[in-house]
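Reproduced below: query.csv, with CSV, C-alpha atoms.
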```csv
chain,number,residue,atom,x,y,z
U,1,MET,CA,-6.9,-16.7,-3.4
U,2,LYS,CA,-9.8,-14.8,-4.9
U,3,ILE,CA,-9.8,-11.2,-4.0
U,4,ILE,CA,-13.1,-9.5,-3.5
U,5,PRO,CA,-14.0,-5.8,-3.7
U,6,LYS,CA,-16.1,-4.7,-0.7
U,7,SER,CA,-18.0,-2.3,-3.0
U,8,LEU,CA,-19.2,-3.1,-6.5
U,9,ASN,CA,-19.2,0.6,-7.4
U,10,LEU,CA,-15.8,1.4,-8.9
U,11,LYS,CA,-16.4,5.1,-8.2
U,12,ASP,CA,-15.9,4.3,-4.5
U,13,TYR,CA,-12.3,3.5,-5.3
U,14,LEU,CA,-11.8,6.9,-7.0
U,15,VAL,CA,-12.8,9.2,-4.1
U,16,GLU,CA,-10.4,11.9,-2.9
U,17,THR,CA,-10.1,12.2,0.9
U,18,ASP,CA,-7.8,14.1,3.3
U,19,ILE,CA,-5.6,11.0,3.3
U,20,ILE,CA,-5.8,10.2,-0.4
U,21,ASN,CA,-5.3,13.9,-1.3
U,22,PHE,CA,-4.5,13.6,-5.0
U,23,SER,CA,-5.3,17.2,-5.8
U,24,HIS,CA,-2.3,18.3,-3.8
U,25,PRO,CA,0.4,20.0,-6.0
U,26,LEU,CA,3.0,17.4,-4.9
U,27,ILE,CA,0.9,14.6,-6.2
U,28,LYS,CA,-0.1,16.4,-9.4
U,29,ASN,CA,3.6,17.1,-10.1
U,30,ILE,CA,4.8,13.5,-9.7
U,31,VAL,CA,1.8,12.2,-11.8
U,32,ASN,CA,2.6,14.7,-14.6
U,33,GLU,CA,6.3,13.7,-14.4
U,34,LEU,CA,5.7,10.0,-14.5
U,35,PHE,CA,2.7,9.6,-16.8
U,36,SER,CA,2.1,10.6,-20.4
U,37,ASP,CA,-1.0,10.4,-22.6
U,38,ARG,CA,0.9,7.8,-24.8
U,39,GLN,CA,1.0,5.3,-21.9
U,40,THR,CA,-1.6,2.6,-21.6
U,41,GLU,CA,-3.5,2.3,-18.3
U,42,MET,CA,-1.3,-0.7,-17.4
U,43,GLU,CA,1.9,1.2,-18.1
U,44,GLN,CA,0.7,4.0,-15.8
U,45,ILE,CA,-0.1,1.5,-13.0
U,46,LYS,CA,3.3,0.0,-13.4
U,47,SER,CA,5.1,3.4,-13.4
U,48,ALA,CA,3.3,4.4,-10.2
U,49,PHE,CA,3.9,1.1,-8.5
U,50,LEU,CA,7.6,1.2,-9.3
U,51,PHE,CA,8.0,4.8,-8.2
U,52,VAL,CA,6.4,4.1,-4.8
U,53,ARG,CA,8.2,0.8,-4.3
U,54,ASP,CA,11.6,2.1,-5.2
U,55,GLU,CA,11.7,5.9,-4.7
U,56,ILE,CA,9.8,6.1,-1.4
U,57,SER,CA,11.8,4.5,1.4
U,58,HIS,CA,10.2,2.2,3.9
U,59,SER,CA,10.8,3.9,7.3
U,60,TRP,CA,11.9,0.7,9.0
U,61,ASP,CA,14.4,-0.2,6.3
U,62,ILE,CA,16.2,3.1,6.6
U,63,GLN,CA,15.5,3.4,10.4
U,64,GLY,CA,13.8,6.7,9.8
U,65,THR,CA,11.8,8.2,12.7
U,66,ARG,CA,9.5,10.4,10.7
U,67,VAL,CA,5.8,9.3,10.6
U,68,THR,CA,3.9,10.1,7.4
U,69,CYS,CA,0.3,9.4,6.7
U,70,ASN,CA,-1.5,11.3,3.9
U,71,ALA,CA,-0.3,10.9,0.3
U,72,SER,CA,1.2,14.4,0.0
U,73,ASP,CA,3.3,14.1,3.2
U,74,VAL,CA,4.6,10.7,2.0
U,75,MET,CA,5.6,12.4,-1.3
U,76,LYS,CA,7.1,15.4,0.5
U,77,VAL,CA,9.6,13.4,2.7
U,78,LYS,CA,9.8,10.3,0.4
U,79,GLU,CA,9.4,7.8,3.2
U,80,GLY,CA,6.8,6.0,5.2
U,81,ILE,CA,5.7,2.5,6.3
U,82,CYS,CA,3.4,0.3,4.2
U,83,TYR,CA,0.3,2.1,5.5
U,84,ALA,CA,1.5,5.4,4.2
U,85,LYS,CA,3.1,4.1,1.0
U,86,SER,CA,-0.2,2.5,0.0
U,87,ASN,CA,-2.0,5.9,0.6
U,88,LEU,CA,0.4,7.5,-1.9
U,89,LEU,CA,0.0,4.8,-4.6
U,90,ALA,CA,-3.8,4.9,-4.3
U,91,ALA,CA,-3.7,8.7,-4.6
U,92,MET,CA,-1.5,8.6,-7.7
U,93,LEU,CA,-3.7,6.1,-9.5
U,94,ARG,CA,-7.0,7.7,-8.5
U,95,SER,CA,-5.8,11.0,-9.9
U,96,LYS,CA,-5.7,9.3,-13.3
U,97,GLY,CA,-9.1,7.7,-12.8
U,98,ILE,CA,-7.7,4.3,-12.0
U,99,PRO,CA,-9.7,2.6,-9.2
U,100,ALA,CA,-7.4,1.7,-6.3
U,101,GLY,CA,-8.2,0.3,-2.9
U,102,PHE,CA,-6.5,-1.3,0.1
U,103,CYS,CA,-5.8,-4.9,1.1
U,104,TYR,CA,-4.4,-6.4,4.2
U,105,GLN,CA,-2.4,-9.3,5.6
U,106,ARG,CA,-1.7,-10.2,9.2
U,107,LEU,CA,2.0,-11.0,9.5
U,108,MET,CA,4.5,-11.7,12.2
U,109,ILE,CA,6.2,-8.4,12.7
U,110,PHE,CA,9.6,-9.9,12.9
U,111,ASP,CA,10.6,-13.6,12.6
U,112,THR,CA,8.8,-15.5,15.3
U,113,PRO,CA,5.3,-15.4,16.7
U,114,ASP,CA,6.4,-14.4,20.2
U,115,LYS,CA,7.6,-11.1,18.8
U,116,GLY,CA,4.1,-10.2,17.8
U,117,TYR,CA,2.0,-9.5,14.7
U,118,SER,CA,1.0,-6.5,12.7
U,119,LEU,CA,-1.3,-5.6,9.8
U,120,HIS,CA,0.4,-5.2,6.5
U,121,THR,CA,-1.2,-3.0,3.8
U,122,LEU,CA,-1.0,-3.4,0.0
U,123,ASN,CA,-3.1,-2.1,-2.8
U,124,GLY,CA,-5.9,-3.6,-4.9
U,125,ILE,CA,-6.1,-2.0,-8.3
U,126,PHE,CA,-8.7,-2.5,-11.1
U,127,LEU,CA,-7.4,-3.0,-14.6
U,128,SER,CA,-10.2,-2.0,-16.9
U,129,GLN,CA,-8.6,-3.5,-20.0
U,130,LEU,CA,-8.6,-6.9,-18.3
U,131,ASN,CA,-11.7,-6.3,-16.3
U,132,GLN,CA,-10.1,-7.6,-13.2
U,133,TRP,CA,-8.6,-6.6,-9.8
U,134,ILE,CA,-5.0,-7.3,-9.0
U,135,ARG,CA,-3.0,-6.8,-5.8
U,136,LEU,CA,0.4,-5.0,-5.8
U,137,ASP,CA,2.7,-4.5,-2.8
U,138,ALA,CA,4.8,-1.3,-3.0
U,139,ARG,CA,6.3,-1.8,0.4
U,140,GLY,CA,9.8,-1.7,-1.0
U,141,ASN,CA,12.2,-4.5,-1.8
U,142,LYS,CA,15.2,-5.6,0.3
U,143,PRO,CA,17.1,-8.9,0.8
U,144,GLY,CA,14.4,-11.6,1.2
U,145,VAL,CA,11.6,-9.3,0.0
U,146,GLN,CA,11.0,-9.1,-3.8
U,147,ALA,CA,7.6,-7.7,-4.8
U,148,GLU,CA,7.0,-7.2,-8.5
U,149,PHE,CA,4.4,-5.9,-10.9
U,150,SER,CA,2.4,-8.7,-12.4
U,151,THR,CA,-1.0,-9.2,-13.8
U,152,THR,CA,-0.9,-13.0,-14.1
U,153,GLU,CA,0.4,-14.2,-10.7
U,154,GLU,CA,0.8,-12.3,-7.5
U,155,LYS,CA,4.4,-11.4,-6.6
U,156,LEU,CA,3.9,-9.8,-3.2
U,157,ALA,CA,6.4,-8.8,-0.6
U,158,PHE,CA,5.3,-11.5,1.8
U,159,SER,CA,3.7,-15.0,1.6
U,160,VAL,CA,1.3,-15.8,4.4
U,161,GLN,CA,2.3,-18.6,6.7
U,162,GLU,CA,-1.0,-19.9,8.0
U,163,GLU,CA,0.7,-22.3,10.4
U,164,PHE,CA,1.9,-19.3,12.3
U,165,ASP,CA,-1.6,-17.7,12.5
U,166,GLU,CA,-0.8,-15.3,9.7
U,167,ILE,CA,-3.9,-14.2,7.6
U,168,ASP,CA,-4.3,-13.1,4.0
U,169,TYR,CA,-7.5,-11.1,4.0
U,170,PRO,CA,-9.4,-11.3,0.6
U,171,SER,CA,-11.2,-8.0,0.7
U,172,ILE,CA,-10.4,-4.8,-1.2
U,173,TYR,CA,-11.5,-1.8,0.7
U,174,ALA,CA,-12.2,1.6,-0.7
U,175,GLU,CA,-10.7,3.4,2.3
U,176,PRO,CA,-7.7,2.5,4.4
U,177,ASN,CA,-8.5,0.7,7.6
U,178,TYR,CA,-9.1,3.2,10.4
U,179,LYS,CA,-6.7,1.5,12.8
U,180,THR,CA,-3.8,2.0,10.4
U,181,ILE,CA,-4.7,5.7,10.0
U,182,GLU,CA,-5.1,6.3,13.7
U,183,THR,CA,-1.8,4.6,14.3
U,184,LEU,CA,0.0,7.0,11.9
U,185,GLN,CA,-1.8,10.0,13.3
U,186,SER,CA,-1.1,9.3,16.9
U,187,ASN,CA,2.6,8.5,16.8
U,188,SER,CA,5.6,10.7,16.2
U,189,ASP,CA,8.4,8.2,16.2
U,190,ALA,CA,8.3,5.6,13.4
U,191,ILE,CA,10.7,3.2,15.0
U,192,LYS,CA,8.9,3.1,18.3
U,193,MET,CA,5.6,2.9,16.4
U,194,TYR,CA,6.8,0.0,14.3
U,195,LYS,CA,8.0,-2.0,17.3
U,196,HIS,CA,5.2,-1.4,19.7
U,197,CYS,CA,2.1,0.2,18.2
U,198,LEU,CA,1.0,-1.4,14.9
U,199,PRO,CA,-2.5,-3.0,14.9
U,200,ASP,CA,-2.5,-6.8,14.5
U,201,TYR,CA,-6.1,-7.5,13.3
U,202,LEU,CA,-8.6,-5.8,11.1
```

Using structure tokens, write down the structure from this file.
Amino acid sequence: MKIIPKSLNLKDYLVETDIINFSHPLIKNIVNELFSDRQTEMEQIKSAFLFVRDEISHSWDIQGTRVTCNASDVMKVKEGICYAKSNLLAAMLRSKGIPAGFCYQRLMIFDTPDKGYSLHTLNGIFLSQLNQWIRLDARGNKPGVQAEFSTTEEKLAFSVQEEFDEIDYPSIYAEPNYKTIETLQSNSDAIKMYKHCLPDYL
């Protein structure tokens, strides 16, 4: 599938917001710890991706109840659902001048359609040395889920099953979808939120 940036201005994918708050000391600290001037852009992207994928727990996987939203909060407690983790990865990369946006899939929330659907968030990232966008999914791996860093073929957490009305949206957005942010900001129990409150369409 061809992925398409909603904006042709790369600067739109570098903006700092209250959600993507990369000037926060916690974000600055982890960026300084992970990145060095000797690294290439691609190495920095991979380092950030692996950190968010592996060091930030997915709330559902650990059955954590805390709800995080903006990048610094995710970094502070080191957990969040995919919406929150994508905010952190975008913040880390934007802090280094690497354009990063948000992509979406509509997926069955569990294993059958009758149990409902939810939006899943991943990141679109621009590689200047290749002059192309790629998608990376830092949701977090577990048995049956194996997302990897790749610039040649997508290795995402989930493959879309169109026969079950799942959708792979092609757009790369400069800002996270407002429904995902409202969901995070209006809930206080991540388990209940995950089961009952996640939006199912863009």

Requested in this report: Could you give me, as a ChimeraX atom specification, the residues within 8 Å of U:Ala48, counting all atoms listed in the file and dropping anything in the same chain fewer than 3 positions from it?
Outcome: /U:34,44-45,51-52,89,92-93

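The point (3.8, 1.9, 1.1) has these residues within 9 Å of it, counting only C-alpha atoms: U:Val52, U:Arg53, U:Ile56, U:Ser57, U:His58, U:Val74, U:Glu79, U:Gly80, U:Ile81, U:Cys82, U:Tyr83, U:Ala84, U:Lys85, U:Ser86, U:Asn87, U:Leu88, U:Leu89, U:Thr121, U:Leu122, U:Asn123, U:Asp137, U:Ala138, U:Arg139, U:Gly140.
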
Query - Expected residue set, 12 Å radius at (6.3, -15.2, 4.3), only C-alpha atoms, as a VMD selection string - result: chain U and resid 105 to 112 120 144 to 147 155 to 168

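Between atom CA of U:Tyr178 and atom CA of U:Phe126 lies a distance of 22.2 Å.
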
Requested in this report: With a distance cut-off of 12 Å and all atoms listed in the file, select the neighbouring residues of U:Ser95, excluding the residue or stretch itself and same-chain residues fewer than 6 positions from it, and output the selection as a ChimeraX atom specification.
Outcome: /U:13-17,20-32,35,44-45,48,71,88-89

Report task. Have a look at atom CA of U:Ser47 and atom CA of U:Ala190 and let me know their distance in Å, one decimal. Result -> 27.1 Å

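The shell of residues at most 12 Å from U:Thr152, with only C-alpha atoms counted and near chain neighbours (fewer than 3 positions) removed, consists of Leu127, Leu130, Gln132, Trp133, Ile134, Arg135, Leu136, Glu148, Phe149 and Lys155 of chain U.
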
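The closest residue to U:Tyr104, picked from U:Ser118, U:Asn70, U:Ser36, U:Ser186 and counting only C-alpha atoms, is U:Ser118.
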
Report task. Mind giving me the straight-line distance from atom CA of U:Leu8 to atom CA of U:Cys103 in Å, one decimal? Result -> 15.5 Å

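Minimum atom-to-atom distances from U:Ala174, U:Ile98, U:Ile62, U:Met75 to U:Lys46 were compared using all atoms listed in the file, and the lowest value belongs to U:Ile98.
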
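Proximity ranking of U:Leu198, U:Val77, U:Met42, U:Ala100 relative to U:Asn9 places U:Ala100 first, based on all atoms listed in the file.
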
Query raised in the report: With all atoms listed in the file as the basis for distance, which of U:Gln185, U:Tyr173, U:Glu43, U:Lys115 is at the shortest distance from U:Thr151?
Result: U:Glu43

Axis-aligned box for stretch 145-164 of chain U, 8 Å per side, centre and edges in Å as lines of an AutoDock Vina configuration file:
```
center_x = 5.3
center_y = -14.1
center_z = -0.9
size_x = 28.6
size_y = 32.4
size_z = 42.4
```
